[in-house]
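Source file: protein.cif (mmCIF, C-alpha atoms)
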data_coords
loop_
_atom_site.label_atom_id
_atom_site.label_comp_id
_atom_site.auth_asym_id
_atom_site.auth_seq_id
_atom_site.Cartn_x
_atom_site.Cartn_y
_atom_site.Cartn_z
CA MET A 1 135.19 -195.74 88.33
CA PRO A 2 133.62 -198.90 89.34
CA GLU A 3 131.98 -201.68 87.48
CA SER A 4 128.54 -202.40 86.20
CA ALA A 5 125.76 -202.24 88.75
CA ASP A 6 124.73 -205.85 88.36
CA ASP A 7 128.21 -207.31 88.75
CA SER A 8 129.20 -208.81 92.07
CA ALA A 9 132.60 -207.93 93.37
CA VAL A 10 135.09 -208.07 96.03
CA PRO A 11 137.78 -206.28 98.08
CA GLY A 12 141.08 -206.38 99.70
CA ALA A 13 143.63 -207.12 96.99
CA SER A 14 145.26 -203.72 96.70
CA ALA A 15 149.02 -203.79 96.61
CA THR A 16 149.07 -202.10 99.98
CA GLY A 17 147.33 -205.03 101.63
CA ASP A 18 145.13 -202.77 103.70
CA GLY A 19 144.24 -200.62 100.68
CA LEU A 20 141.24 -198.90 102.25
CA ALA A 21 141.78 -195.31 103.31
CA ARG A 22 140.12 -192.90 100.95
CA ARG A 23 142.44 -190.67 99.18
CA ARG A 24 142.85 -188.36 96.20
CA ARG A 25 141.68 -188.44 92.68
CA ARG A 26 142.06 -186.71 89.33
CA ARG A 27 144.83 -184.17 89.59
CA TRP A 28 144.68 -183.21 85.95
CA LEU A 29 141.17 -181.90 86.46
CA THR A 30 141.97 -180.21 89.77
CA GLY A 31 145.38 -179.00 88.68
CA GLY A 32 144.67 -175.32 88.95
CA ALA A 33 142.89 -175.93 92.24
CA LEU A 34 145.89 -177.63 93.76
CA GLY A 35 148.19 -174.87 92.62
CA ALA A 36 145.96 -172.20 94.08
CA ALA A 37 145.56 -174.25 97.25
CA VAL A 38 149.26 -174.27 98.02
CA LEU A 39 149.32 -170.48 97.82
CA LEU A 40 146.10 -169.96 99.75
CA LEU A 41 146.68 -172.49 102.49
CA ALA A 42 150.26 -171.45 103.15
CA ALA A 43 149.14 -167.98 104.16
CA GLY A 44 149.13 -168.53 107.93
CA GLY A 45 148.82 -170.93 110.87
CA VAL A 46 145.28 -171.95 110.05
CA GLY A 47 146.28 -172.31 106.43
CA TRP A 48 149.11 -174.67 107.34
CA ALA A 49 146.74 -176.75 109.46
CA LEU A 50 144.41 -177.12 106.51
CA TYR A 51 147.34 -177.89 104.23
CA ALA A 52 148.49 -180.63 106.61
CA ARG A 53 145.00 -182.10 106.76
CA LEU A 54 144.79 -182.29 102.98
CA SER A 55 148.20 -183.95 102.77
CA ASP A 56 147.23 -186.39 105.53
CA ASN A 57 144.22 -187.46 103.45
CA ILE A 58 146.56 -189.23 101.05
CA THR A 59 147.93 -192.71 101.79
CA PRO A 60 151.21 -193.64 100.06
CA ASP A 61 151.24 -197.01 98.29
CA GLU A 62 154.57 -198.07 99.80
CA ALA A 63 154.10 -201.78 99.06
CA ALA A 64 153.63 -201.11 95.35
CA ALA A 65 156.68 -198.83 95.32
CA ARG A 66 158.83 -201.60 96.83
CA GLU A 67 157.51 -204.15 94.37
CA LEU A 68 158.11 -201.94 91.35
CA ALA A 69 161.64 -201.19 92.55
CA ARG A 70 162.37 -204.93 92.57
CA TYR A 71 161.49 -205.14 88.87
CA ASP A 72 162.95 -201.79 87.82
CA GLU A 73 165.42 -203.26 85.32
CA GLU A 74 162.55 -204.95 83.45
CA ARG A 75 160.41 -201.83 83.23
CA PRO A 76 160.30 -199.55 80.13
CA THR A 77 162.59 -196.55 79.98
CA ALA A 78 161.04 -193.08 79.91
CA LEU A 79 161.92 -191.58 76.53
CA VAL A 80 160.94 -187.92 76.90
CA SER A 81 161.95 -185.77 79.85
CA GLY A 82 159.02 -183.92 81.37
CA ALA A 83 156.27 -186.09 79.89
CA GLN A 84 154.24 -187.93 82.53
CA ASN A 85 152.12 -191.09 82.44
CA ILE A 86 149.67 -191.62 85.28
CA LEU A 87 147.60 -194.77 85.77
CA LEU A 88 144.16 -194.11 87.26
CA ILE A 89 142.65 -197.27 88.75
CA GLY A 90 139.00 -197.50 89.81
CA THR A 91 138.33 -200.58 91.93
CA ASP A 92 135.18 -202.56 92.55
CA THR A 93 135.84 -203.05 96.26
CA ARG A 94 132.82 -203.29 98.54
CA ALA A 95 135.00 -202.80 101.61
CA GLY A 96 135.19 -199.39 103.25
CA SER A 97 132.50 -197.07 104.49
CA GLY A 98 129.56 -196.74 102.11
CA ASN A 99 130.78 -199.31 99.56
CA GLU A 100 129.02 -202.36 100.98
CA LYS A 101 125.64 -201.46 99.47
CA TYR A 102 126.99 -201.93 95.93
CA GLY A 103 127.22 -205.71 96.20
CA ARG A 104 128.57 -208.61 98.15
CA ASP A 105 132.11 -208.86 99.44
CA SER A 106 133.69 -212.13 98.32
CA GLY A 107 137.17 -211.30 99.53
CA THR A 108 138.96 -210.08 96.41
CA GLU A 109 139.16 -206.81 94.54
CA ARG A 110 139.47 -206.09 90.83
CA SER A 111 140.26 -203.03 88.78
CA ASP A 112 137.04 -202.13 87.08
CA THR A 113 138.15 -198.99 85.27
CA THR A 114 141.73 -198.26 84.27
CA ILE A 115 142.80 -195.11 82.45
CA LEU A 116 146.32 -194.33 81.27
CA LEU A 117 146.67 -190.55 81.33
CA HIS A 118 149.51 -189.07 79.26
CA LEU A 119 150.55 -185.49 79.98
CA ALA A 120 152.66 -183.96 77.22
CA ALA A 121 156.05 -182.58 78.23
CA ASP A 122 155.01 -179.06 77.20
CA ARG A 123 151.75 -179.42 79.18
CA ARG A 124 149.72 -178.31 76.19
CA SER A 125 147.75 -181.54 75.86
CA ALA A 126 146.50 -184.51 77.90
CA THR A 127 145.38 -187.85 76.46
CA ALA A 128 143.37 -190.33 78.54
CA VAL A 129 143.27 -193.90 77.19
CA SER A 130 140.77 -196.35 78.67
CA LEU A 131 142.04 -199.94 78.91
CA PRO A 132 139.12 -202.42 78.72
CA ARG A 133 138.83 -204.64 81.77
CA ASP A 134 137.96 -207.63 79.55
CA LEU A 135 141.06 -207.21 77.38
CA MET A 136 143.02 -210.46 77.09
CA VAL A 137 146.62 -209.74 78.08
CA ARG A 138 149.74 -211.34 79.44
CA VAL A 139 149.90 -210.84 83.20
CA PRO A 140 153.51 -211.21 84.42
CA ALA A 141 154.55 -213.26 87.42
CA CYS A 142 153.43 -211.22 90.42
CA PRO A 143 153.61 -211.65 94.18
CA ARG A 144 150.07 -212.27 95.42
CA THR A 145 148.66 -209.64 97.74
CA GLY A 146 147.82 -212.29 100.33
CA GLY A 147 151.17 -214.04 100.03
CA GLY A 148 152.84 -216.40 97.58
CA GLN A 149 153.71 -215.94 93.93
CA ALA A 150 151.43 -216.10 90.89
CA ALA A 151 152.89 -217.55 87.69
CA PRO A 152 152.64 -215.60 84.42
CA SER A 153 149.26 -216.03 82.80
CA PHE A 154 147.18 -214.99 79.80
CA ALA A 155 144.01 -213.58 81.30
CA MET A 156 141.57 -210.70 81.46
CA PHE A 157 143.27 -207.41 82.23
CA ASN A 158 141.37 -206.76 85.46
CA THR A 159 142.67 -209.96 87.05
CA ALA A 160 146.11 -208.33 87.43
CA PHE A 161 144.79 -206.14 90.24
CA GLN A 162 143.04 -209.10 91.83
CA ILE A 163 146.29 -211.06 91.83
CA GLY A 164 148.82 -208.47 92.91
CA GLY A 165 147.20 -205.07 93.35
CA SER A 166 148.41 -201.87 91.77
CA ALA A 167 152.02 -203.03 91.24
CA CYS A 168 150.89 -206.02 89.17
CA THR A 169 148.48 -203.82 87.21
CA ILE A 170 151.23 -201.30 86.45
CA ARG A 171 153.62 -204.02 85.26
CA THR A 172 150.86 -205.51 83.09
CA VAL A 173 150.17 -202.09 81.50
CA GLU A 174 153.87 -201.49 80.91
CA GLU A 175 154.29 -204.88 79.18
CA LEU A 176 151.19 -204.23 77.09
CA THR A 177 152.07 -200.70 75.99
CA GLY A 178 155.83 -200.28 76.40
CA ILE A 179 155.04 -197.05 78.29
CA ARG A 180 156.65 -196.35 81.66
CA VAL A 181 154.04 -195.52 84.32
CA ASP A 182 155.37 -192.62 86.40
CA HIS A 183 152.55 -192.35 88.93
CA HIS A 184 149.37 -194.16 89.91
CA MET A 185 146.21 -193.47 91.87
CA VAL A 186 143.51 -195.84 93.16
CA VAL A 187 139.94 -194.77 93.94
CA ASP A 188 136.80 -196.61 95.11
CA PHE A 189 133.04 -196.01 94.87
CA SER A 190 132.80 -193.74 97.89
CA GLY A 191 135.68 -191.51 96.81
CA PHE A 192 134.16 -191.02 93.37
CA LYS A 193 130.84 -189.88 94.85
CA GLN A 194 132.60 -187.51 97.25
CA LEU A 195 134.37 -185.74 94.43
CA VAL A 196 131.21 -185.23 92.37
CA ASP A 197 129.27 -183.88 95.35
CA ALA A 198 132.13 -181.52 96.22
CA VAL A 199 131.69 -179.70 92.90
CA ASP A 200 127.91 -179.54 93.42
CA GLY A 201 127.22 -182.15 90.77
CA VAL A 202 128.14 -182.55 87.13
CA ARG A 203 125.92 -181.68 84.18
CA VAL A 204 125.61 -184.24 81.39
CA CYS A 205 123.48 -184.44 78.24
CA LEU A 206 121.27 -187.51 77.79
CA ARG A 207 119.91 -188.32 74.35
CA GLU A 208 117.32 -190.67 75.87
CA PRO A 209 115.76 -191.08 79.32
CA ILE A 210 117.38 -193.61 81.66
CA ASP A 211 115.46 -196.09 83.81
CA ASP A 212 117.96 -198.60 85.18
CA LYS A 213 116.69 -200.45 88.24
CA ALA A 214 120.01 -202.22 88.87
CA ALA A 215 121.82 -198.88 89.02
CA LYS A 216 118.88 -197.25 90.85
CA LEU A 217 118.92 -194.56 88.19
CA LYS A 218 115.93 -192.81 86.65
CA LEU A 219 116.68 -189.66 84.64
CA PRO A 220 114.93 -187.67 81.88
CA ALA A 221 116.44 -186.98 78.48
CA GLY A 222 118.29 -183.71 77.98
CA PRO A 223 120.66 -181.79 80.26
CA VAL A 224 120.77 -183.25 83.77
CA THR A 225 122.98 -182.39 86.76
CA LEU A 226 124.06 -185.60 88.49
CA ASN A 227 124.91 -185.78 92.17
CA GLY A 228 127.51 -188.26 93.43
CA GLU A 229 125.14 -191.22 93.79
CA GLN A 230 123.55 -190.61 90.38
CA ALA A 231 126.94 -190.14 88.75
CA LEU A 232 128.12 -193.46 90.16
CA GLY A 233 125.04 -195.18 88.73
CA TYR A 234 125.58 -193.45 85.39
CA VAL A 235 129.18 -194.61 84.98
CA ARG A 236 128.52 -198.11 86.39
CA ALA A 237 125.34 -198.96 84.49
CA ARG A 238 125.90 -201.30 81.61
CA LYS A 239 123.30 -203.74 80.38
CA THR A 240 120.32 -201.36 80.12
CA LEU A 241 122.14 -198.38 78.57
CA GLY A 242 123.37 -198.01 75.02
CA ASP A 243 124.27 -201.30 73.38
CA GLY A 244 125.05 -202.92 76.74
CA SER A 245 128.73 -203.33 75.95
CA ASP A 246 131.63 -202.52 78.22
CA THR A 247 133.04 -200.35 75.42
CA GLU A 248 129.87 -198.24 75.47
CA ARG A 249 130.20 -197.96 79.24
CA MET A 250 133.79 -196.72 78.86
CA ASP A 251 132.58 -194.17 76.34
CA ARG A 252 130.02 -192.97 78.90
CA GLN A 253 132.71 -192.75 81.58
CA GLN A 254 134.83 -190.65 79.23
CA ARG A 255 131.89 -188.33 78.53
CA PHE A 256 131.35 -187.91 82.25
CA LEU A 257 135.02 -187.17 82.92
CA GLY A 258 134.97 -184.61 80.11
CA ALA A 259 131.98 -182.91 81.72
CA LEU A 260 133.72 -183.00 85.12
CA VAL A 261 136.84 -181.41 83.64
CA GLU A 262 134.74 -178.67 82.08
CA LYS A 263 132.81 -178.09 85.34
CA VAL A 264 135.98 -177.57 87.37
CA ARG A 265 137.62 -175.39 84.72
CA SER A 266 134.63 -173.20 83.90
CA ASP A 267 133.19 -172.77 87.39
CA ASP A 268 134.62 -170.27 89.86
CA VAL A 269 135.93 -173.14 92.02
CA LEU A 270 139.59 -172.41 91.35
CA LEU A 271 139.40 -168.79 92.49
CA ASN A 272 136.92 -169.15 95.35
CA PRO A 273 138.51 -170.43 98.60
CA VAL A 274 135.08 -171.29 100.03
CA LYS A 275 134.44 -173.66 97.12
CA LEU A 276 138.07 -174.63 96.68
CA TYR A 277 138.73 -176.27 100.03
CA PRO A 278 135.80 -178.77 99.91
CA VAL A 279 136.86 -179.77 96.40
CA LEU A 280 140.46 -180.29 97.49
CA ASP A 281 139.36 -182.18 100.59
CA ALA A 282 137.16 -184.48 98.52
CA ALA A 283 139.79 -184.86 95.81
CA THR A 284 142.51 -185.88 98.24
CA SER A 285 140.15 -188.04 100.31
CA ALA A 286 138.85 -189.78 97.19
CA LEU A 287 142.08 -191.70 96.75
CA THR A 288 142.48 -195.11 98.33
CA THR A 289 146.23 -194.94 97.68
CA THR A 290 148.74 -193.20 95.45
CA ASP A 291 152.43 -193.65 94.79
CA PRO A 292 154.63 -192.13 97.52
CA GLU A 293 155.87 -189.27 95.33
CA LEU A 294 152.32 -187.93 95.02
CA ALA A 295 151.27 -188.66 98.60
CA SER A 296 151.21 -185.01 99.66
CA LEU A 297 149.55 -181.87 98.43
CA ARG A 298 152.99 -180.52 97.53
CA GLY A 299 153.75 -183.62 95.46
CA LEU A 300 150.47 -183.33 93.63
CA TYR A 301 151.05 -179.66 92.97
CA ARG A 302 154.45 -180.33 91.43
CA LEU A 303 152.75 -182.69 89.00
CA VAL A 304 149.82 -180.54 87.99
CA ARG A 305 150.92 -176.90 88.38
CA GLY A 306 150.99 -176.28 84.63
CA LEU A 307 147.84 -178.21 83.72
CA ARG A 308 145.40 -175.37 84.10
CA ASP A 309 146.80 -173.92 80.86
CA ILE A 310 145.84 -176.96 78.78
CA PRO A 311 143.03 -175.91 76.41
CA THR A 312 139.89 -177.94 77.03
CA GLU A 313 139.89 -179.12 73.42
CA HIS A 314 143.34 -180.59 74.01
CA VAL A 315 142.11 -182.84 76.84
CA GLN A 316 141.34 -185.97 74.82
CA PHE A 317 139.63 -189.26 75.63
CA LEU A 318 139.77 -192.53 73.74
CA THR A 319 139.65 -196.28 74.26
CA ALA A 320 142.58 -198.46 73.25
CA PRO A 321 141.71 -199.82 69.78
CA ARG A 322 140.03 -203.15 70.50
CA GLU A 323 137.84 -205.82 68.95
CA ALA A 324 136.22 -209.06 70.04
CA TYR A 325 138.74 -211.68 71.14
CA VAL A 326 139.03 -214.32 68.44
CA TYR A 327 138.34 -217.21 70.83
CA ASP A 328 135.64 -215.59 72.96
CA SER A 329 133.37 -212.80 71.76
CA ASP A 330 132.74 -211.73 75.37
CA ARG A 331 136.40 -210.76 75.70
CA ASP A 332 138.53 -208.16 73.90
CA GLN A 333 141.84 -208.06 72.08
CA LEU A 334 143.83 -205.11 70.77
CA VAL A 335 143.48 -204.10 67.15
CA GLN A 336 146.90 -204.05 65.52
CA PRO A 337 148.76 -202.17 64.19
CA GLU A 338 146.53 -199.32 65.43
CA ALA A 339 147.04 -200.00 69.15
CA GLY A 340 150.79 -200.33 68.72
CA GLU A 341 150.88 -197.04 66.85
CA LEU A 342 148.88 -195.27 69.56
CA PHE A 343 151.17 -196.55 72.31
CA ALA A 344 154.28 -195.67 70.29
CA ARG A 345 153.10 -192.07 69.85
CA LEU A 346 152.38 -191.69 73.55
CA ARG A 347 155.70 -193.29 74.45
CA ALA A 348 157.52 -190.76 72.25
CA ASP A 349 155.28 -187.87 73.39
CA ARG A 350 154.10 -187.31 69.84
CA PRO A 351 150.69 -185.73 69.14
CA VAL A 352 147.62 -187.95 69.11
CA GLU A 353 144.70 -186.62 67.12
CA VAL A 354 141.22 -187.63 68.20
CA ALA A 355 138.05 -187.36 66.10
CA ASP A 356 134.81 -187.03 68.05
CA THR A 357 132.67 -190.10 67.45
CA SER A 358 130.76 -190.21 70.75
CA SER A 359 127.13 -191.28 70.50
CA GLU A 360 126.09 -188.30 72.66
CA ASN A 361 127.26 -186.05 69.83
CA GLY A 362 125.51 -187.88 67.04
CA GLY A 363 128.48 -189.97 65.94
CA LYS A 364 129.20 -193.64 66.20
CA SER A 365 130.29 -195.14 69.47
CA PRO A 366 134.01 -195.98 69.54
CA GLY A 367 133.01 -199.61 70.08
CA ASP A 368 131.26 -199.66 66.71
CA ASN A 369 134.51 -199.30 64.82
CA ALA A 370 137.54 -199.28 67.06
CA GLY A 371 140.90 -198.04 65.83
CA LYS A 372 142.12 -195.30 63.52
CA LEU A 373 140.06 -193.20 61.19
CA PRO A 374 141.26 -192.96 57.57
CA SER A 375 143.69 -190.06 57.50
CA ALA A 376 147.09 -189.00 56.24
CA THR A 377 148.09 -188.54 59.88
CA PRO A 378 147.04 -190.93 62.68
CA THR A 379 143.60 -189.93 63.96
CA PHE A 380 141.94 -192.11 66.57
CA ARG A 381 138.29 -192.41 67.51
CA GLY A 382 137.44 -190.64 70.75
CA SER A 383 136.45 -187.20 71.98
CA THR A 384 137.67 -184.09 73.78
CA ALA A 385 136.54 -182.56 77.05
CA ALA A 386 135.10 -179.65 75.07
CA ALA A 387 132.82 -182.03 73.15
CA HIS A 388 131.02 -183.06 76.33
CA THR A 389 129.51 -179.75 77.30
CA CYS A 390 125.70 -179.36 77.23
CA GLU A 391 124.64 -176.83 74.64
#
What does this structure look like when you write it as structure tokens?
Amino acid sequence: MPESADDSAVPGASATGDGLARRRRRRWLTGGALGAAVLLLAAGGVGWALYARLSDNITPDEAAARELARYDEERPTALVSGAQNILLIGTDTRAGSGNEKYGRDSGTERSDTTILLHLAADRRSATAVSLPRDLMVRVPACPRTGGGQAAPSFAMFNTAFQIGGSACTIRTVEELTGIRVDHHMVVDFSGFKQLVDAVDGVRVCLREPIDDKAAKLKLPAGPVTLNGEQALGYVRARKTLGDGSDTERMDRQQRFLGALVEKVRSDDVLLNPVKLYPVLDAATSALTTTDPELASLRGLYRLVRGLRDIPTEHVQFLTAPREAYVYDSDRDQLVQPEAGELFARLRADRPVEVADTSSENGGKSPGDNAGKLPSATPTFRGSTAAAHTCE
């Protein structure tokens, strides 16, 4: 999901070089749909044609795959067979159809939203960890997307994508967390809107009315169903909503994703072919690129076939424990040892407990007090998909 509505941005630095064909998005929330799709679409000649079209929507990120293979010996080792870690990257590109109206194109592209999604080996839980774009991190030496080599640097996290696209972002995340990234997906503004519209909008609960001119968003308080354009404004808006922080914006994005998960799971989308195909078409088209292993409907199905059994309350969202960077309050740094403990548990596929502290549910925003809650067992501030339903 893209950046704040008043930020200028830029395109073209995806690790693929051409990085602009819309492709597929959140498989963990369309897992059951993909599984059903393979069965439904394989039923006959027309079905196979539709299956082929959906697969053709997805562009493999071959350049990133080659780059990661070059550095394979330096990458973390996967510790638990069957567990999966997927990096979801939302870019701020203004290139591509429909994206130009969100700001000027200055020739580069940054990752605006990055979520590390951990799927437990037993497929009984999923944990989505937002990585702040302003987090100060070590970015390894990476080949530049436009040619040449960038030296290692200590910089904001989102510059890794600007320098070397998805491969550089993945290597930065792996150095930061010690977690091996198995798969990745990249999505832009247009793809995000497509997916929301395909499910006929997503219902969210607003504690206060919203009137954000920069995001072109005016909404009443209470339950509201957002269409694609409104949803994009909701997740991008920053300075006029909440406390204006990027952490609050990440919390809002997590609330929206929780509501989207619940919409897909609770609606009759998964069992209704008429509704299912448009959702699958939008989901696969939403991706700019994905790693080659997932660049087909069959590949996606292999990843997500067991995810429909994950209880909604076991789909968890949190932000990596962070605080203001000691040398610049406008930047972030990880809170230790809490962040290290979170990453260690995910790396070992151990349970992560999340206590709901979202402001939409009357609690404190995760940005108000990042890190663990006092507990005999590690409990991190965040929320579950079930907590984001409108009652």
Here's the selection I'm unsure about, the PyMOL selection byres ((chain A and resi 178-195) around 7); applied to the file above, which residues does it give, as an MDAnalysis selection string? chainID A and resid 1:2 22 25 75:78 84:93 98:99 170 174:177 196:199 228:229 232 279 282:283 285:291 347
Tell me which of A:Ala355, A:Val173, A:Ala83, A:Thr384 sits closest to Arg123 of chain A, counting only C-alpha atoms.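 Answer, going by the shortest atom-to-atom distance: A:Ala83.
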Could you check which of A:Arg171, A:Glu353, A:Leu257, A:Thr159 is closest to Leu68 of chain A, using only C-alpha atoms?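 For Leu68 of chain A, the nearest of the given residues is A:Arg171.
Using all atoms listed in the file, the smallest distance between any of A:Asp251, A:Asp349, A:Glu338, A:Glu323 and Ser383 of chain A comes from A:Asp251.
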Go through A:Leu303, A:Val137, A:Ala126, A:Leu54 and flag the residue nearest Arg331 of chain A, using all atoms listed in the file for the distances.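 Of A:Leu303, A:Val137, A:Ala126, A:Leu54, the one nearest Arg331 of chain A is A:Val137, counting all atoms listed in the file.
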Could you work out an axis-aligned bounding box for all listed atoms of segment 182-192 of chain A, with 3 Å added on each of the six sides, and give its centre and edge lengths in Å to one decimal, as AutoDock Vina command-line options?
--center_x 144.1 --center_y -193.8 --center_z 92.1 --size_x 28.6 --size_y 11.6 --size_z 17.5
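Running the PyMOL selection byres ((chain A and resi 131) around 9) on this file leaves A:Thr113, A:Thr114, A:Ile115, A:Leu116, A:Val129, A:Ser130, A:Pro132, A:Arg133, A:Asp134, A:Leu135, A:Phe157, A:Val173, A:Met250, A:Thr319, A:Ala320 selected.
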Extract, using all atoms listed in the file, all DNA, RNA and protein residues at most 8 Å from Leu226 of chain A, discarding same-chain residues fewer than 6 positions from it, and format them as a PyMOL selection string. chain A and resi 201-204
Pairwise distance, atom CA of Leu334 of chain A with atom CA of Arg322 of chain A, equals 4.3 Å
For a quick check of understanding, using all atoms listed in the file, which of A:Leu307, A:Val335, A:Arg124, A:Ala155 has the smallest distance to Arg138 of chain A? A:Ala155
